[in-house]
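Engineer: Here you go, one structure.
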2 protein chains.
Amino acid sequence: MANGELNVDRSALDQLLQKRFFIAPSFEIYGGIKGLYDFGPTGTALQQNLIGLWRQHFVIEEDMLEIDCSIITPSRVLETSGHVEKFADWMCRDTVSNDFLRADHLVEEVLEARLEGDALARGMAEVSIQADAAAKQAGAKKSKKKGGAAAPVRLDDEAADRFRGILAQIDNYDGAALGELIVKYDIRNPATGNAVTAPMPFNLMFGTSIGPTGALKGFLRPETAQGQFMNFSRLLEFNNQKMPFASAMIGRSFRNEISPRQGILRVREFTMAEVEHFVDPLNKAHPRFDEVAGLTLPLLPAARQLEEKTDPVFMTVGDAVGQGIVNNQTLGYFLGRIYLYLMKIGIRGDLLRFRQHMGNEMAHYACDCWDAEIKTTDGWIECVGCADRSAYDLTKHSEATNKKLVVQENLPEPLVYEKLVCVPNSKVFGPRLRRAAAAVERHLAALPEAELAALRDALVRDGRATVTLAGTAADGAHEITADMVAIEKQTITEHVRVYTPNVIEPSFGIGRILHALIEHSYSVRAGDGQRAVLGFNPLVAPFKCLVLPLSGNASFAKPLREVARRLRAAGVPARVDDTASASIGRRYARNDEIGTPFAITVDFQTAEDNTVTLRERDTTNQIRGPLQEMVEVVKSLVDGASTWSDVLGRYPLIDAVASDTEA
Amino acid sequence: MANGELNVDRSALDQLLQKRFFIAPSFEIYGGIKGLYDFGPTGTALQQNLIGLWRQHFVIEEDMLEIDCSIITPSRVLETSGHVEKFADWMCRDTVSNDFLRADHLVEEVLEARLEGDALARGMAEVSIQADAAAKQAGAKKSKKKGGAAAPVRLDDEAADRFRGILAQIDNYDGAALGELIVKYDIRNPATGNAVTAPMPFNLMFGTSIGPTGALKGFLRPETAQGQFMNFSRLLEFNNQKMPFASAMIGRSFRNEISPRQGILRVREFTMAEVEHFVDPLNKAHPRFDEVAGLTLPLLPAARQLEEKTDPVFMTVGDAVGQGIVNNQTLGYFLGRIYLYLMKIGIRGDLLRFRQHMGNEMAHYACDCWDAEIKTTDGWIECVGCADRSAYDLTKHSEATNKKLVVQENLPEPLVYEKLVCVPNSKVFGPRLRRAAAAVERHLAALPEAELAALRDALVRDGRATVTLAGTAADGAHEITADMVAIEKQTITEHVRVYTPNVIEPSFGIGRILHALIEHSYSVRAGDGQRAVLGFNPLVAPFKCLVLPLSGNASFAKPLREVARRLRAAGVPARVDDTASASIGRRYARNDEIGTPFAITVDFQTAEDNTVTLRERDTTNQIRGPLQEMVEVVKSLVDGASTWSDVLGRYPLIDAVASDTEA
């Protein structure tokens, strides 16, 4: 496959995913519910492997504190976090059918259809390439157009350019702006041709009520982050008060999408893996930064997107942080670690980029954010977000609960410094100012040093001065005389530094990564009945080894059980396929479709000399060796202790007993 | 600890669990929500290990098809399954405070308090033993009484016996019966002394609505089973149409408890692991039954409970199935496998029993059910249910959706048999019966063979007969004459057998098992400052090895990193504790509290000869050896490849450099 190109027949792939039970619509026998999918045995095993490798790569290798919190979340927590107010999409209603449509998707779909129609009218042959280019131009997660089949209507050049410009920054429009576009360009529901209402906000959280009274409102969590913030103090304590540290959580989150589409890429229920790395705001250096500084990443900074460029620049993490393109070492460190994880599981490096969020697009809590976007048949898909949430969440929760969510650090040496302070003379200050005394005292205590010095000078010079309060219970001008206060230098000694940590948050959509990985692993074996193969590496493959008899002959049962038992004992997830009615070629083929990398076959020679054949999926090469040895070979291949070419050095290729094409 | 005894200071344990962050109340900084708990790093790792072993023991070793389905479930699915109508508890409202109380718990709590008061009044010293005995007598999940502190009021003997009898079958009362008890015995809210309303049903499912319209109602799943039933046909297809087979799911489920108590034993959100084993109703034999038939289990059959006995009988699985005490081999097989799993993770065999459900207590879908109950400080707790759900769910869902949820089995040989059939003579039958013809034909086709034979005889004898229809569009009597039908033997050949499988369901409450395991692992080290130790085996321990320097000396940093790196490379989850402010004894102690079985310590000798010490938690014994060797020893101990006594044979004990009591 050429660099940056993806050649997947999506409809054939979607069929394969259901046929081999990677995924299926939930509640399908009841007609299904949009945006809800079940993972079958292959999808579940693949997801478990992605999660296991994630846990190894992040939690274990980085000593993170993994926790597991409640999904049901009381409303108050999500009011504080801003989700009740701001976690919403804009939706329109079809004025006749009353169908709900997500406003940005509607505008996008209609304008893309018009551009396609324009391309058709201009007689360009390769319409699909053009549409793909338009999607690329848009630079973000795009979907295949569903409604609005393109009619060949030519646009004037200026309109076409304007549409492309709008699509390139579709994530940047708010409800009002989307409403203007809808009116200005007469955008209608493509499914019905009806006009739509002005966009209105729709909160994406699923609501529920907790307990028997119905009085306690709650939501299903929209992210796993809040549970980690809730437990900040306990986590810090568990970490023996040491900073920086990271917590992590893997679990289900929920978004009540307005009108889900794109298969498992935009769903109402999904598995996330999130890290909250708590860091000193004054020092976002990372102790292991050196380990990733030399990695070259494809970066698409915000500034480059504003220039309407969508091709990434290739830069080392070290340079990107050094030049201030990535804000700090910790953010850069995680971009590097995310990259390494995605490479390890088998995402194609030429179909990956890190895109910085532009202003309007940023979540309400974030102060900087990079998305790892992976190219799929649906365009570039955000699969991992890496945000600097600053001190937003901890500060808000602390204010709402009046609980301290801070780090108290003993200073290595006490901090000693001089400071100008204002000490009221209680004999005169209170009696003179009466009811205003407390407010004036607070005002004086809070004055910046320069203003306090000016006040001191005025009192020395004039014997009196006026202070003016605003926003207090004693607003207005108050006269202070020299006898009322002493303003003098004092020596302050601080032993403890108190601060609210900032949070760097790498946040992984496991289902999206899984889907992208399947597409990147998909190929069709040339000249072989167009059989599909999922080329998963052994680390992520749902099953590692297929075990099968050449045919239904009864003598094969015993060695077959022996192979299965030995693989089980070696901890190698395997599947037996002894379906007598299917030819061996057909059984190889259906296991290629679920991406099983190796197959051990028991045949007539097994009864004679206890040897079996071992087949590798991608080459379809086969070798033969003693049963027990072949199990050990599979084990070492699965563990990464050896490669297939190592193995070929030790065991010669054989002519397959059963043709691979005998399907 | 004596057989069957559990000596745990629950309040000290609860403190430890929060201090070492096994669990903590969710949203604690907001005051918490009853029945919702978060797992901290230790609790999460422990839970992950229980799940990993479960997956190994059930999914991998038994070739089950693990799937992962949606939590949000549309109402229609749960109407069919019976949950909308029947998944409810009875609750009462305090007539003054309006607090809600679960009716059975209220009755239980008040009667237990009266029995305690009676015991006090009778001057019995060991009240707690008496209360414990009462709880034991009740035979089921009991909680410590909260309200209703016992006043020393003597009951007459007959009343005390009656109360004990009620408690022994508290799970057997429905709402009306509980209401009668409340009136008869003047049961009031113990917290307020107020009267309560009659019990009313409260559905335990959390409701929500799906999508923007609000019209599509859904619930959070109350069990993972339904998702497995939804996918039955796909699973059967994935299994190449072979029966029997099992699916499995591990995931979160939800129950909106009326007034949760008992810590993590009765919560609103919990992780379950469920197996649905689909089996031929005519053949519930299990191919691997022999592997468990010899296991002796503590069984408490329903008949024994009706005799008010609560001590189990000890019986092999083979005998229990042979004598019909356990209904069939498959149910027996899973009781054996459940037992082996619980033993493997470290549940005490003397604190485990399998109790059969009594009639009223059975879930609405079950036809037989055994609970694995584990004794804790809260009494006997249901931790695993093992139910035969018969064909209930598949039949119901099939009826509701009009989809076939059946197995079609090619018969090894066609089934050939003779059968009496009624063939209408179309020339006469239709014209004579006119509008009633179709209904009469259906009626005749459905007649049992004996009735059809009687009709034939009547027609032969009398030339005519009368058939009477009911519940059709042509109700009433219809005359049939001999010329209208031919009733004759035909030879029927069937090639396929079609049936709805039965389902055997082992269902595990992971949180409950986790809590019971913690209690069974808890001890206090005698004569050692009363330090708590959690004696987890290495398989389940949250962390396997503690890595620590003797003190804060800078020279320890490098070998410390070396040990940590090598353990990580060996895949051994470890934690470093280099807190300079804590003595080594204190650091050992806090790792004993989280159950870390091994500790490697770097000391001054390490710099000289690169040796380290290795400490075992339960014995507090220490050995010394080369750094790399000690890591390998830990690896082999954690993998179960060697035991501590093996290791002591190879490395002599040393006097600990740092006293273990130096806390």
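Ordering of the structure tokens sets the chain letters (A, B, ...), residue numbers begin anew at 1 in every chain, and ligands are numbered from 1 in the order given.
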Give the residues of chain B that lie within 6 Å of chain A; count only C-alpha atoms, and format the answer as a short mmCIF file (atom, residue, chain, number, x, y, z; two decimals) with C-alpha atoms, in the first residue's frame.
Structural biologist:
```cif
data_model
loop_
_atom_site.label_atom_id
_atom_site.label_comp_id
_atom_site.auth_asym_id
_atom_site.auth_seq_id
_atom_site.Cartn_x
_atom_site.Cartn_y
_atom_site.Cartn_z
CA PHE B 27 -18.00 11.48 45.46
CA ASP B 38 -14.74 3.70 44.11
CA PHE B 39 -11.90 1.21 44.00
CA GLY B 40 -8.47 2.69 44.69
CA PRO B 41 -5.18 1.39 43.27
CA THR B 44 -8.53 -2.08 41.43
CA LEU B 65 -17.29 -17.16 23.97
CA GLU B 66 -16.72 -13.93 25.86
CA ILE B 67 -18.73 -10.98 24.60
CA ASP B 68 -19.18 -7.38 25.75
CA CYS B 69 -22.61 -5.80 25.35
CA GLY B 207 -34.24 4.47 34.11
CA THR B 208 -33.02 6.81 31.41
CA GLY B 211 -31.81 9.96 22.02
CA PRO B 212 -33.04 13.52 21.77
CA MET B 230 -29.87 -11.11 22.51
CA ASN B 256 -31.18 1.11 42.41
CA ILE B 258 -33.79 1.41 48.26
#
```
Engineer: Identify, on the basis of only C-alpha atoms, every residue whose closest approach to segment 453-467 of chain A does not exceed 12 Å; exclude the query and any residue fewer than 4 positions from it along the same chain; express the result as a PyMOL selection string.
Structural biologist: chain A and resi 419-423+433+436-437+439-444+447-449+474-489
Engineer: In Å, rounded to a single decimal, give me how far atom CA of Arg337 of chain B is from atom CA of Val292 of chain B.
Structural biologist: 7.3 Å
Engineer: What's the 7 Å shell around Ala366 of chain A, counting only C-alpha atoms, without same-chain residues fewer than 6 positions away, as an mmCIF file with all heavy atoms, in the first residue's frame?
Structural biologist:
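selection_3.cif written:
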```cif
data_model
loop_
_atom_site.group_PDB
_atom_site.id
_atom_site.type_symbol
_atom_site.label_atom_id
_atom_site.label_comp_id
_atom_site.auth_asym_id
_atom_site.auth_seq_id
_atom_site.Cartn_x
_atom_site.Cartn_y
_atom_site.Cartn_z
ATOM 1 N N ALA A 387 -4.917 16.574 26.476
ATOM 2 C CA ALA A 387 -5.247 17.948 26.855
ATOM 3 C C ALA A 387 -4.504 18.370 28.108
ATOM 4 O O ALA A 387 -4.249 17.561 28.994
ATOM 5 C CB ALA A 387 -6.753 18.069 27.095
ATOM 6 N N ASP A 388 -4.155 19.634 28.157
ATOM 7 C CA ASP A 388 -3.720 20.247 29.411
ATOM 8 C C ASP A 388 -4.939 20.918 30.011
ATOM 9 O O ASP A 388 -5.403 21.945 29.531
ATOM 10 C CB ASP A 388 -2.616 21.280 29.121
ATOM 11 C CG ASP A 388 -2.032 21.838 30.424
ATOM 12 O OD1 ASP A 388 -2.736 21.786 31.462
ATOM 13 O OD2 ASP A 388 -0.887 22.318 30.389
ATOM 14 N N ARG A 389 -5.527 20.278 31.035
ATOM 15 C CA ARG A 389 -6.748 20.810 31.646
ATOM 16 C C ARG A 389 -6.409 21.869 32.693
ATOM 17 O O ARG A 389 -7.281 22.315 33.422
ATOM 18 C CB ARG A 389 -7.559 19.691 32.300
ATOM 19 C CG ARG A 389 -8.120 18.688 31.294
ATOM 20 C CD ARG A 389 -8.827 17.504 31.958
ATOM 21 N NE ARG A 389 -10.178 17.818 32.379
ATOM 22 C CZ ARG A 389 -11.261 17.073 32.099
ATOM 23 N NH1 ARG A 389 -11.147 15.967 31.412
ATOM 24 N NH2 ARG A 389 -12.452 17.426 32.534
ATOM 25 N N SER A 390 -5.129 22.225 32.799
ATOM 26 C CA SER A 390 -4.633 23.202 33.787
ATOM 27 C C SER A 390 -5.156 22.836 35.178
ATOM 28 O O SER A 390 -5.253 21.663 35.514
ATOM 29 C CB SER A 390 -5.008 24.629 33.384
ATOM 30 O OG SER A 390 -6.396 24.833 33.498
#
```
Engineer: Contacts of Val107 of chain A at 8 Å or less, counting only C-alpha atoms, minus same-chain residues fewer than 2 places along, as number ranges by chain?
Structural biologist: A: 103-105, 109-111, 178, 181-182, 187
Engineer: Using DSSP on the backbone, list every residue of segment 47-279 of chain A that comes out as helix (DSSP H, G or I), and give them as a PyMOL selection string.
Structural biologist: chain A and resi 47-60+75-80+83-86+103-121+127-138+157-168+170-172+175-184+225-230+232-238+263-265
Engineer: Could you name the residues that touch Ile381 of chain A at 12 Å or less, counting only C-alpha atoms, but leaving out those on the same chain fewer than 2 positions away, as a ChimeraX atom specification?
Structural biologist: /A:135-136,139-143,262,264-266,351-355,371-379,383-385,509,511-517
Engineer: Compile the contact shell of Asp350 of chain B as a list of chain:residue names: residues with an atom at most 8 Å away, counting only C-alpha atoms, same-chain residues fewer than 2 positions apart removed.
Structural biologist: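 These residues fall inside the cut-off: B:Asn3, B:Gly4, B:Arg348, B:Leu352.
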Engineer: Among segment 431-469 of chain A, which ones does DSSP place in strand (DSSP E), written as a ChimeraX atom specification?
Structural biologist: /A:464-469
Engineer: Near segment 409-416 of chain B, within 7 Å and counting only C-alpha atoms, which residues show up once chain neighbours fewer than 5 positions away are dropped, as a PyMOL selection string?
Structural biologist: chain B and resi 491-498
Engineer: Would you put the residues from that selection into a file with N, CA, C and O atoms, as a CSV table (one decimal), in the first residue's frame?
Structural biologist:
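Just written: selection-v4.csv:
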```csv
chain,number,residue,atom,x,y,z
B,491,THR,N,-46.1,-42.1,6.7
B,491,THR,CA,-44.8,-42.2,7.2
B,491,THR,C,-44.1,-40.9,7.2
B,491,THR,O,-44.1,-40.2,6.1
B,492,ILE,N,-43.6,-40.4,8.3
B,492,ILE,CA,-42.9,-39.1,8.4
B,492,ILE,C,-41.4,-39.3,8.5
B,492,ILE,O,-41.0,-40.2,9.3
B,493,THR,N,-40.7,-38.5,7.8
B,493,THR,CA,-39.2,-38.6,7.8
B,493,THR,C,-38.7,-37.2,8.3
B,493,THR,O,-38.9,-36.2,7.6
B,494,GLU,N,-38.0,-37.1,9.4
B,494,GLU,CA,-37.5,-35.9,9.9
B,494,GLU,C,-35.9,-35.9,9.8
B,494,GLU,O,-35.3,-36.8,10.4
B,495,HIS,N,-35.3,-34.9,9.2
B,495,HIS,CA,-33.9,-34.8,9.1
B,495,HIS,C,-33.3,-33.9,10.1
B,495,HIS,O,-32.1,-34.0,10.4
B,496,VAL,N,-34.1,-33.0,10.7
B,496,VAL,CA,-33.6,-32.0,11.5
B,496,VAL,C,-34.4,-31.9,12.8
B,496,VAL,O,-35.6,-32.1,12.8
B,497,ARG,N,-33.7,-31.8,13.9
B,497,ARG,CA,-34.4,-31.6,15.2
B,497,ARG,C,-34.2,-30.1,15.6
B,497,ARG,O,-33.1,-29.5,15.5
B,498,VAL,N,-35.3,-29.5,15.9
B,498,VAL,CA,-35.3,-28.1,16.3
B,498,VAL,C,-35.7,-27.9,17.8
B,498,VAL,O,-36.7,-28.5,18.2
```
Engineer: Would you work out the distance separating atom CA of Pro312 of chain B from atom CA of Leu300 of chain B, expressed in Å to one decimal?
Structural biologist: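 That distance, rounded to one decimal, is 4.6 Å.
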Engineer: For a quick check of understanding, using only C-alpha atoms, which of B:Gly263, B:Ile594, B:Glu399, B:Glu451 has the smallest distance to Asp14 of chain B?
Structural biologist: B:Gly263
Engineer: How many Å lie between atom CA of Pro506 of chain A and atom CA of Val59 of chain A, rounded to one decimal?
Structural biologist: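 Distance reported for this atom pair: 12.5 Å.
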Engineer: Looking at only C-alpha atoms, which of A:Ser523, A:Thr643, A:Ser75, A:Thr611 is the one that sits closest to Lys217 of chain A?
Structural biologist: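 Closest residue, counting only C-alpha atoms: A:Ser75.
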Engineer: Taking into account only C-alpha atoms, which residue in the set A:Arg154, A:Arg102, A:Thr620, A:Leu627 is nearest to Asp118 of chain A?
Structural biologist: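 Selected residue with least distance to Asp118 of chain A: A:Arg154.
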